[in-house]
>>> print(open('input15.csv').read())   # CSV, C-alpha atoms
chain,number,residue,atom,x,y,z
A,1,SER,CA,-53.2,-6.3,63.1
A,2,THR,CA,-51.4,-3.4,64.7
A,3,SER,CA,-48.0,-5.1,64.0
A,4,ASN,CA,-48.9,-5.3,60.3
A,5,ASP,CA,-50.1,-1.7,60.1
A,6,ALA,CA,-46.9,-0.3,61.7
A,7,PRO,CA,-44.6,-0.9,58.8
A,8,LYS,CA,-47.2,0.4,56.3
A,9,ASN,CA,-47.6,3.6,58.3
A,10,LYS,CA,-43.8,4.3,58.4
A,11,ARG,CA,-43.5,3.9,54.7
A,12,SER,CA,-44.0,7.1,52.7
A,13,LYS,CA,-45.7,7.5,49.4
A,14,PRO,CA,-43.4,6.3,46.5
A,15,SER,CA,-42.1,9.1,44.3
A,16,LYS,CA,-42.4,8.9,40.5
A,17,GLU,CA,-38.7,8.2,40.1
A,18,SER,CA,-38.7,5.3,42.5
A,19,SER,CA,-41.8,3.9,40.9
A,20,LEU,CA,-40.0,4.1,37.5
A,21,LEU,CA,-37.0,2.3,39.0
A,22,ASP,CA,-39.2,-0.4,40.4
A,23,SER,CA,-40.9,-1.0,37.1
A,24,ASP,CA,-37.4,-1.1,35.4
A,25,GLU,CA,-36.3,-3.6,38.0
A,26,LYS,CA,-39.2,-5.8,37.1
A,27,LYS,CA,-38.4,-5.6,33.4
A,28,ASN,CA,-34.6,-6.0,33.6
A,29,THR,CA,-33.7,-8.7,36.0
A,30,SER,CA,-30.1,-8.9,34.8
A,31,ASN,CA,-29.2,-5.5,36.4
A,32,PRO,CA,-30.2,-5.6,40.1
A,33,THR,CA,-29.2,-2.0,40.8
A,34,PRO,CA,-30.5,0.3,38.0
A,35,ILE,CA,-28.9,3.6,37.3
A,36,SER,CA,-31.0,6.7,37.3
A,37,PRO,CA,-31.2,8.6,33.9
A,38,ALA,CA,-29.3,11.6,35.4
A,39,LYS,CA,-26.4,9.4,36.6
A,40,GLU,CA,-26.2,7.2,33.5
A,41,ALA,CA,-22.6,6.8,32.2
A,42,PRO,CA,-21.9,7.8,28.6
A,43,LYS,CA,-22.1,4.9,26.2
A,44,THR,CA,-18.9,4.0,24.3
A,45,VAL,CA,-18.7,1.5,21.5
A,46,THR,CA,-15.7,-0.7,21.7
A,47,PRO,CA,-14.8,-3.4,19.2
A,48,SER,CA,-15.3,-6.9,20.6
A,49,LYS,CA,-12.2,-9.0,20.9
A,50,SER,CA,-12.0,-12.7,21.2
A,51,VAL,CA,-10.6,-14.4,24.2
A,52,ASN,CA,-7.4,-15.4,22.4
A,53,GLU,CA,-6.8,-11.9,20.8
A,54,LYS,CA,-4.3,-9.7,22.5
A,55,PRO,CA,-5.2,-6.1,23.5
A,56,SER,CA,-4.2,-3.3,21.1
A,57,THR,CA,-0.6,-2.4,21.0
A,58,ALA,CA,1.2,0.7,19.9
A,59,ALA,CA,2.2,-1.1,16.7
A,60,GLU,CA,-1.4,-1.9,15.9
A,61,VAL,CA,-2.4,1.7,16.5
A,62,THR,CA,0.2,3.1,14.2
A,63,THR,CA,-0.7,0.7,11.4
A,64,ALA,CA,-4.3,1.7,11.7
A,65,LYS,CA,-3.3,5.4,11.3
A,66,THR,CA,-1.3,4.6,8.2
A,67,ASP,CA,-4.2,3.3,6.2
A,68,PRO,CA,-3.3,2.8,2.5
A,69,LYS,CA,-6.4,4.7,1.5
A,70,SER,CA,-5.2,7.8,3.3
A,71,ALA,CA,-1.7,7.6,1.9
A,72,PRO,CA,-1.1,9.6,-1.3
A,73,LYS,CA,-1.8,7.5,-4.3
A,74,LYS,CA,0.9,6.8,-6.8
A,75,LYS,CA,0.3,8.1,-10.3
A,76,LYS,CA,-0.8,5.3,-12.6
A,77,ARG,CA,1.5,4.7,-15.5
A,78,THR,CA,0.1,5.4,-18.9
A,79,PHE,CA,0.4,3.0,-21.8
A,80,GLN,CA,3.0,5.4,-23.3
A,81,ASP,CA,5.0,5.3,-20.1
A,82,GLN,CA,4.9,1.5,-20.0
A,83,VAL,CA,6.2,1.3,-23.6
A,84,LEU,CA,8.9,3.9,-23.1
A,85,SER,CA,10.0,2.3,-19.9
A,86,GLU,CA,10.4,-1.1,-21.6
A,87,MET,CA,12.3,0.4,-24.6
A,88,PHE,CA,14.6,2.8,-22.7
A,89,LEU,CA,15.5,0.3,-19.9
A,90,SER,CA,16.1,-2.7,-22.2
A,91,CYS,CA,18.3,-0.7,-24.7
A,92,ARG,CA,17.6,-3.0,-27.5
A,93,PRO,CA,15.6,-2.8,-30.8
A,94,TYR,CA,12.1,-4.2,-31.1
A,95,THR,CA,9.7,-5.1,-33.9
A,96,LEU,CA,6.1,-4.3,-33.2
A,97,LYS,CA,5.5,-8.0,-32.7
A,98,THR,CA,8.2,-8.5,-30.1
A,99,LEU,CA,7.3,-5.4,-28.3
A,100,ALA,CA,3.7,-6.4,-28.2
A,101,GLN,CA,4.6,-9.8,-26.7
A,102,SER,CA,6.8,-8.2,-24.0
A,103,LEU,CA,4.1,-5.8,-23.0
A,104,ALA,CA,1.2,-8.1,-23.5
A,105,THR,CA,-0.6,-5.8,-25.8
A,106,THR,CA,-1.6,-5.6,-29.5
A,107,GLU,CA,0.5,-4.5,-32.5
A,108,ASN,CA,-2.3,-2.2,-33.6
A,109,ALA,CA,-2.2,-0.2,-30.3
A,110,LEU,CA,1.6,0.0,-30.5
A,111,ASN,CA,1.5,1.1,-34.2
A,112,HIS,CA,-0.6,4.2,-33.3
A,113,LEU,CA,1.7,5.0,-30.3
A,114,MET,CA,4.9,4.5,-32.4
A,115,LEU,CA,3.6,7.0,-35.0
A,116,SER,CA,3.2,9.6,-32.3
A,117,LEU,CA,6.6,8.8,-30.7
A,118,LEU,CA,8.3,8.9,-34.2
A,119,ASP,CA,6.9,12.4,-34.8
A,120,LYS,CA,8.3,13.5,-31.4
A,121,GLN,CA,11.7,11.8,-32.2
A,122,VAL,CA,11.5,9.8,-29.0
A,123,VAL,CA,11.8,6.6,-30.9
A,124,ILE,CA,13.9,5.8,-34.0
A,125,LYS,CA,12.6,3.5,-36.7
A,126,LYS,CA,14.7,1.8,-39.4
A,127,THR,CA,13.6,-0.6,-42.1
A,128,PHE,CA,15.9,-3.5,-43.0
A,129,THR,CA,15.5,-5.7,-46.1
A,130,SER,CA,16.6,-9.3,-46.0
A,131,LYS,CA,18.3,-11.1,-48.9
A,132,LYS,CA,14.9,-12.6,-49.7
A,133,GLY,CA,13.4,-9.2,-50.1
A,134,ARG,CA,11.4,-9.2,-46.8
A,135,GLU,CA,11.3,-5.9,-45.0
A,136,LYS,CA,11.7,-5.7,-41.2
A,137,GLU,CA,11.0,-2.6,-39.2
A,138,LEU,CA,12.9,-2.1,-36.0
A,139,TYR,CA,12.1,0.5,-33.3
A,140,TRP,CA,14.4,1.5,-30.5
A,141,ALA,CA,14.5,4.3,-28.0
A,142,ASN,CA,16.4,7.5,-28.8
A,143,GLN,CA,18.8,7.5,-25.9
A,144,GLY,CA,19.8,11.1,-26.6
A,145,TYR,CA,16.2,12.4,-26.3
A,146,GLU,CA,15.6,14.8,-23.3
A,147,GLY,CA,11.9,15.6,-23.4
A,148,LYS,CA,9.0,15.5,-21.0
A,149,GLU,CA,7.9,12.1,-22.3
A,150,ILE,CA,10.8,10.4,-20.6
A,151,ALA,CA,11.1,12.7,-17.6
A,152,SER,CA,9.2,10.3,-15.4
A,153,LEU,CA,11.5,7.4,-16.4
A,154,LEU,CA,14.7,9.2,-15.6
A,155,VAL,CA,16.2,9.3,-12.1
A,156,SER,CA,17.7,12.5,-10.7
A,157,PRO,CA,21.4,12.5,-9.7
A,158,LYS,CA,20.4,13.4,-6.2
A,159,THR,CA,18.3,10.3,-5.9
A,160,ILE,CA,21.1,8.2,-7.3
A,161,ARG,CA,23.5,9.6,-4.7
A,162,GLU,CA,21.1,8.9,-1.9
A,163,ALA,CA,20.6,5.3,-3.1
A,164,GLU,CA,24.3,4.8,-3.3
A,165,ALA,CA,24.8,6.1,0.2
A,166,GLU,CA,22.1,3.9,1.5
A,167,GLU,CA,23.6,0.9,-0.2
A,168,GLN,CA,27.0,1.6,1.3
A,169,GLN,CA,25.4,1.9,4.8
A,170,LEU,CA,23.5,-1.4,4.4
A,171,LEU,CA,26.6,-3.1,3.2
A,172,GLN,CA,28.5,-1.9,6.2
A,173,GLU,CA,25.7,-3.0,8.6
A,174,ASP,CA,25.8,-6.4,6.9
A,175,ALA,CA,29.5,-6.8,7.3
A,176,ASP,CA,29.2,-5.8,11.0
A,177,PHE,CA,26.4,-8.3,11.5
A,178,ARG,CA,28.5,-11.1,9.8
A,179,LYS,CA,31.4,-10.4,12.1
A,180,GLU,CA,29.2,-10.6,15.2
A,181,MET,CA,27.7,-13.8,13.9
A,182,ALA,CA,31.1,-15.3,13.4
A,183,ILE,CA,32.1,-14.5,16.9
A,184,ILE,CA,28.9,-15.9,18.4
A,185,THR,CA,29.1,-19.1,16.4
A,186,LYS,CA,32.8,-19.7,17.6
A,187,GLU,CA,31.9,-19.3,21.3
A,188,PRO,CA,31.0,-22.6,23.0
A,189,SER,CA,27.5,-22.9,24.4
A,190,ASN,CA,25.7,-25.3,26.7
A,191,ASP,CA,22.8,-25.8,24.3
>>> encode(input="input15.csv", output="structure tokens")
Amino acid sequence: STSNDAPKNKRSKPSKESSLLDSDEKKNTSNPTPISPAKEAPKTVTPSKSVNEKPSTAAEVTTAKTDPKSAPKKKKRTFQDQVLSEMFLSCRPYTLKTLAQSLATTENALNHLMLSLLDKQVVIKKTFTSKKGREKELYWANQGYEGKEIASLLVSPKTIREAEAEEQQLLQEDADFRKEMAIITKEPSND
């Protein structure tokens, strides 16, 4: 019995911390070496990735930063802007019926807008009578008008120059690329 008592006598009283650890070990068998609360690592939440999914790249990080919700929103075009854009850019006369068809709207809505635009002299209206006596009203954009209503439709000369310069640069790059492709296709290959 002295051999059994010897190990018991050498063993000291368990402290509170070690008894807590012992009880945690009994509860959680998946973690054989528990970490004390003072040494516990900070918890970070990472998104789970599937086995086939590649780790994040710089491209993925930059696309996440340029979220469309955080980008400045474009101003939504009003009904008047849509009508004026159609009329100014097409440079042709319309009846209310043909304009309503091209814009997918009603003649009644266009009639109210045209009255307003006629008062501002943005749109010109002329009534034609046919040989049979039928009247036809045509509306077209006043190309000489320079008011705030069409300011959003017009492009500044600076923007036009920048676009032309960009077009010339792209045409030059395309020509260079075609020359390189012609040289590569003429070279013999072992493929």
>>> atom_distance(input="input15.csv", atom1="CA of Glu146 (chain A)", atom2="CA of Phe88 (chain A)")
12.1 Å
>>> residues_around(input="input15.csv", residues="region 126-143 of chain A", least_positions_apart="3", cutoff="7 Å", atoms="all atoms listed in the file", output="list in words")
Met87, Phe88, Arg92, Pro93, Tyr94, Thr95, Val122 and Val123 of chain A
>>> atom_distance(input="input15.csv", atom1="CA of Gly144 (chain A)", atom2="CA of Thr159 (chain A)")
20.8 Å
>>> atom_distance(input="input15.csv", atom1="CA of Leu117 (chain A)", atom2="CA of Leu99 (chain A)")
14.4 Å
>>> build_atoms(input="input15.csv", residues="region 171-182 of chain A", atoms="all heavy atoms", output="mmCIF file, in the frame of the given file")
data_model
loop_
_atom_site.group_PDB
_atom_site.id
_atom_site.type_symbol
_atom_site.label_atom_id
_atom_site.label_comp_id
_atom_site.auth_asym_id
_atom_site.auth_seq_id
_atom_site.Cartn_x
_atom_site.Cartn_y
_atom_site.Cartn_z
ATOM 1 N N LEU A 171 25.537 -2.208 3.307
ATOM 2 C CA LEU A 171 26.600 -3.100 3.200
ATOM 3 C C LEU A 171 27.520 -3.151 4.412
ATOM 4 O O LEU A 171 27.996 -4.216 4.855
ATOM 5 C CB LEU A 171 27.479 -2.798 1.927
ATOM 6 C CG LEU A 171 26.826 -3.102 0.571
ATOM 7 C CD1 LEU A 171 27.671 -2.542 -0.568
ATOM 8 C CD2 LEU A 171 26.615 -4.593 0.398
ATOM 9 N N GLN A 172 27.752 -1.963 5.000
ATOM 10 C CA GLN A 172 28.500 -1.900 6.200
ATOM 11 C C GLN A 172 27.838 -2.571 7.377
ATOM 12 O O GLN A 172 28.451 -3.320 8.147
ATOM 13 C CB GLN A 172 28.826 -0.407 6.570
ATOM 14 C CG GLN A 172 29.701 -0.217 7.793
ATOM 15 C CD GLN A 172 31.077 -0.817 7.612
ATOM 16 O OE1 GLN A 172 31.685 -0.692 6.550
ATOM 17 N NE2 GLN A 172 31.581 -1.488 8.634
ATOM 18 N N GLU A 173 26.524 -2.356 7.510
ATOM 19 C CA GLU A 173 25.700 -3.000 8.600
ATOM 20 C C GLU A 173 25.774 -4.536 8.375
ATOM 21 O O GLU A 173 25.878 -5.284 9.347
ATOM 22 C CB GLU A 173 24.302 -2.521 8.561
ATOM 23 C CG GLU A 173 24.141 -1.109 9.059
ATOM 24 C CD GLU A 173 22.717 -0.605 8.934
ATOM 25 O OE1 GLU A 173 21.812 -1.402 8.586
ATOM 26 O OE2 GLU A 173 22.491 0.589 9.188
ATOM 27 N N ASP A 174 25.710 -4.993 7.132
ATOM 28 C CA ASP A 174 25.800 -6.400 6.900
ATOM 29 C C ASP A 174 27.110 -7.008 7.251
ATOM 30 O O ASP A 174 27.181 -8.089 7.850
ATOM 31 C CB ASP A 174 25.478 -6.668 5.369
ATOM 32 C CG ASP A 174 25.445 -8.147 5.022
ATOM 33 O OD1 ASP A 174 24.706 -8.895 5.701
ATOM 34 O OD2 ASP A 174 26.166 -8.554 4.081
ATOM 35 N N ALA A 175 28.193 -6.289 6.937
ATOM 36 C CA ALA A 175 29.500 -6.800 7.300
ATOM 37 C C ALA A 175 29.682 -6.839 8.815
ATOM 38 O O ALA A 175 30.240 -7.820 9.351
ATOM 39 C CB ALA A 175 30.589 -5.858 6.692
ATOM 40 N N ASP A 176 29.172 -5.818 9.525
ATOM 41 C CA ASP A 176 29.200 -5.800 11.000
ATOM 42 C C ASP A 176 28.437 -6.989 11.565
ATOM 43 O O ASP A 176 28.878 -7.655 12.505
ATOM 44 C CB ASP A 176 28.710 -4.499 11.559
ATOM 45 C CG ASP A 176 29.602 -3.315 11.199
ATOM 46 O OD1 ASP A 176 30.772 -3.541 10.811
ATOM 47 O OD2 ASP A 176 29.112 -2.167 11.299
ATOM 48 N N PHE A 177 27.279 -7.225 11.013
ATOM 49 C CA PHE A 177 26.400 -8.300 11.500
ATOM 50 C C PHE A 177 27.123 -9.671 11.257
ATOM 51 O O PHE A 177 27.096 -10.542 12.127
ATOM 52 C CB PHE A 177 25.091 -8.286 10.733
ATOM 53 C CG PHE A 177 24.171 -9.406 11.088
ATOM 54 C CD1 PHE A 177 23.514 -9.428 12.308
ATOM 55 C CD2 PHE A 177 23.971 -10.465 10.207
ATOM 56 C CE1 PHE A 177 22.663 -10.469 12.642
ATOM 57 C CE2 PHE A 177 23.125 -11.508 10.535
ATOM 58 C CZ PHE A 177 22.471 -11.510 11.763
ATOM 59 N N ARG A 178 27.755 -9.838 10.106
ATOM 60 C CA ARG A 178 28.500 -11.100 9.800
ATOM 61 C C ARG A 178 29.624 -11.315 10.786
ATOM 62 O O ARG A 178 29.888 -12.449 11.213
ATOM 63 C CB ARG A 178 28.931 -11.124 8.381
ATOM 64 C CG ARG A 178 27.795 -11.274 7.388
ATOM 65 C CD ARG A 178 28.299 -11.287 5.938
ATOM 66 N NE ARG A 178 27.209 -11.266 5.001
ATOM 67 C CZ ARG A 178 26.563 -12.338 4.569
ATOM 68 N NH1 ARG A 178 26.917 -13.527 5.000
ATOM 69 N NH2 ARG A 178 25.576 -12.229 3.720
ATOM 70 N N LYS A 179 30.327 -10.245 11.148
ATOM 71 C CA LYS A 179 31.400 -10.400 12.100
ATOM 72 C C LYS A 179 30.881 -10.812 13.468
ATOM 73 O O LYS A 179 31.460 -11.691 14.116
ATOM 74 C CB LYS A 179 32.139 -9.020 12.265
ATOM 75 C CG LYS A 179 33.022 -8.661 11.094
ATOM 76 C CD LYS A 179 33.669 -7.304 11.303
ATOM 77 C CE LYS A 179 34.452 -6.877 10.087
ATOM 78 N NZ LYS A 179 35.025 -5.515 10.243
ATOM 79 N N GLU A 180 29.774 -10.206 13.908
ATOM 80 C CA GLU A 180 29.200 -10.600 15.200
ATOM 81 C C GLU A 180 28.714 -12.042 15.157
ATOM 82 O O GLU A 180 28.897 -12.775 16.132
ATOM 83 C CB GLU A 180 27.975 -9.683 15.497
ATOM 84 C CG GLU A 180 28.356 -8.297 15.942
ATOM 85 C CD GLU A 180 27.144 -7.463 16.300
ATOM 86 O OE1 GLU A 180 26.183 -8.031 16.884
ATOM 87 O OE2 GLU A 180 27.149 -6.264 15.997
ATOM 88 N N MET A 181 28.123 -12.462 14.061
ATOM 89 C CA MET A 181 27.700 -13.800 13.900
ATOM 90 C C MET A 181 28.827 -14.821 13.973
ATOM 91 O O MET A 181 28.730 -15.900 14.559
ATOM 92 C CB MET A 181 26.832 -14.033 12.674
ATOM 93 C CG MET A 181 25.460 -13.392 12.733
ATOM 94 S SD MET A 181 24.452 -13.984 14.103
ATOM 95 C CE MET A 181 24.252 -15.691 13.675
ATOM 96 N N ALA A 182 29.938 -14.450 13.353
ATOM 97 C CA ALA A 182 31.100 -15.300 13.400
ATOM 98 C C ALA A 182 31.641 -15.479 14.782
ATOM 99 O O ALA A 182 32.021 -16.586 15.200
ATOM 100 C CB ALA A 182 32.192 -14.749 12.446
#
